[in-house]
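Undergrad: Handing you this structure, nothing more for now.
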Amino acid sequence: MTRSSSGFVAGLTMAALAGVGFLAYQASANVPLRPGAERVSSSTPVTTSKAPRDTRHPGALPTGSGAGRRVVYSLEDDRVWLVGTDGRARRSFTVTPGNVDPAPGSYLVTSRSNSITGTDGTPIEHVVRFTGVDGVAIGFSAALDGPAPEVDPEMRTGGIRETRSDGDAMWEFAMIGEKVVVIR
């Protein structure tokens, strides 16, 4: 094979891999819900303004954050709650968000990746995506090697970073179709 034909084949291979990756991401949004998961409905009450907080217990689940099994993410508190079917928080932890935030509201987990490289170049694991904003994927993840590097403020990132142990808990909890409620 000549040098120019091997470059052509490499280019075709790269294009094919990018196409397959895009199609896999699109297909993951159409995966059936896990058993027992519920569809998000407009009848589920969610407070899109700042939900009331128990100031004596900052890790307490805010009222007005929906009902049933769900992930609750507070934009202002940079905190996540994993809530069981009984409406009680199973785990709560702080996170470090990227610079692109989702709008308050209800979403479903649309895709997951065990390990990839984040948009900031950091190797990450247990990626749980639930929406996108102007082409930027929004989801939870954990950096493999500690804190993320300083990111160029001009770079748009939607990763909501967790510790590795919190990322493990999110990975086990939030399957495709799991409800994610974003509050202020």
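Identifiers for the structure tokens are assigned positionally: chains receive A, B, ... in sequence, residues are indexed from 1 per chain, and ligands are indexed from 1 in the order shown.
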Set the distance at 9 Å and use only C-alpha atoms: which residues neighbour A:Gly167 once local chain neighbours fewer than 2 positions away are removed? I'd like the list as a ChimeraX atom specification.

TA: /A:125-127,140-143,161-165,169-172

Undergrad: Which residue, A:Leu61, A:Ala89, A:Met155, A:Val180, has the smallest gap to A:Arg129 when you use only C-alpha atoms?

TA: A:Val180

Undergrad: Could you tell me which of A:Phe130, A:Thr157, A:Gly66, A:Asp101 comes closest to A:Gly177 if we count only C-alpha atoms?

TA: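 Closest residue, counting only C-alpha atoms: A:Phe130.
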
Undergrad: Take atom CA of A:Gly139 and atom CA of A:Glu76 and report the distance between them in Å, one decimal.

TA: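 Distance between the two atoms: 16.4 Å.
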
Undergrad: List the spatial neighbours of A:Leu108 as a VMD selection string - criterion: any atom at most 8 Å away, only C-alpha atoms, same-chain residues fewer than 2 positions off excluded.

TA: chain A and resid 39 to 40 106 110 130 to 131 176 to 180

Undergrad: Store the residues picked out above, limited to C-alpha atoms, as a short mmCIF file (atom, residue, chain, number, x, y, z; two decimals), in the first residue's frame.

TA:
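Saved the output as out-v6.cif:
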```
data_model
loop_
_atom_site.label_atom_id
_atom_site.label_comp_id
_atom_site.auth_asym_id
_atom_site.auth_seq_id
_atom_site.Cartn_x
_atom_site.Cartn_y
_atom_site.Cartn_z
CA ARG A 39 -41.56 8.44 32.32
CA VAL A 40 -41.26 12.09 33.25
CA SER A 106 -37.15 17.26 34.54
CA THR A 110 -30.20 9.39 27.76
CA PHE A 130 -29.19 13.65 30.64
CA THR A 131 -29.40 16.64 28.29
CA ILE A 176 -30.93 4.88 30.97
CA GLY A 177 -34.38 6.40 31.55
CA GLU A 178 -33.76 7.45 35.18
CA LYS A 179 -35.38 10.77 36.06
CA VAL A 180 -33.07 13.75 36.70
#
```

Undergrad: Let me make sure I understand: among A:Gly105, A:Gly98, A:Gly87, A:Gly68, which one has the smallest atom-to-atom distance to A:Ile160 if we use only C-alpha atoms?

TA: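 Nearest to A:Ile160: A:Gly98.
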
Undergrad: As a list in words, please: every residue in stretch 91-168 of chain A that DSSP puts in helix (DSSP H, G or I).

TA: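 Result set for stretch 91-168 of chain A (helix (DSSP H, G or I)): Arg164, Ser165, Asp166, Gly167 and Asp168 of chain A.
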
Undergrad: Since we have the selection now, will you write its residues out, keeping N, CA, C and O atoms, as a PDB file, in the first residue's frame?

TA:
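result12.pdb, freshly written:
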```
ATOM      1  N   ARG A 164     -14.783  10.077  42.819  1.00  0.00           N
ATOM      2  CA  ARG A 164     -14.909   8.728  42.254  1.00  0.00           C
ATOM      3  C   ARG A 164     -15.922   7.887  43.013  1.00  0.00           C
ATOM      4  O   ARG A 164     -16.703   7.153  42.405  1.00  0.00           O
ATOM      5  N   SER A 165     -15.962   8.011  44.344  1.00  0.00           N
ATOM      6  CA  SER A 165     -16.936   7.201  45.097  1.00  0.00           C
ATOM      7  C   SER A 165     -18.362   7.679  44.818  1.00  0.00           C
ATOM      8  O   SER A 165     -19.277   6.858  44.686  1.00  0.00           O
ATOM      9  N   ASP A 166     -18.558   8.984  44.688  1.00  0.00           N
ATOM     10  CA  ASP A 166     -19.891   9.491  44.341  1.00  0.00           C
ATOM     11  C   ASP A 166     -20.240   9.110  42.897  1.00  0.00           C
ATOM     12  O   ASP A 166     -21.395   8.794  42.588  1.00  0.00           O
ATOM     13  N   GLY A 167     -19.245   9.116  42.021  1.00  0.00           N
ATOM     14  CA  GLY A 167     -19.462   8.683  40.637  1.00  0.00           C
ATOM     15  C   GLY A 167     -19.867   7.219  40.565  1.00  0.00           C
ATOM     16  O   GLY A 167     -20.723   6.841  39.763  1.00  0.00           O
ATOM     17  N   ASP A 168     -19.264   6.376  41.414  1.00  0.00           N
ATOM     18  CA  ASP A 168     -19.654   4.960  41.470  1.00  0.00           C
ATOM     19  C   ASP A 168     -21.115   4.837  41.881  1.00  0.00           C
ATOM     20  O   ASP A 168     -21.871   4.053  41.305  1.00  0.00           O
TER      21      ASP A 168
END
```

Undergrad: What does the distance between atom CA of A:Thr96 and atom CA of A:Asp134 come to in Å, to one decimal place?

TA: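 Here the two named atoms are 20.4 Å from each other.
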
Undergrad: I'd like the interatomic distance between atom CA of A:Glu154 and atom CA of A:Ala137, to a tenth of an Å.

TA: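 It comes out at 16.1 Å.
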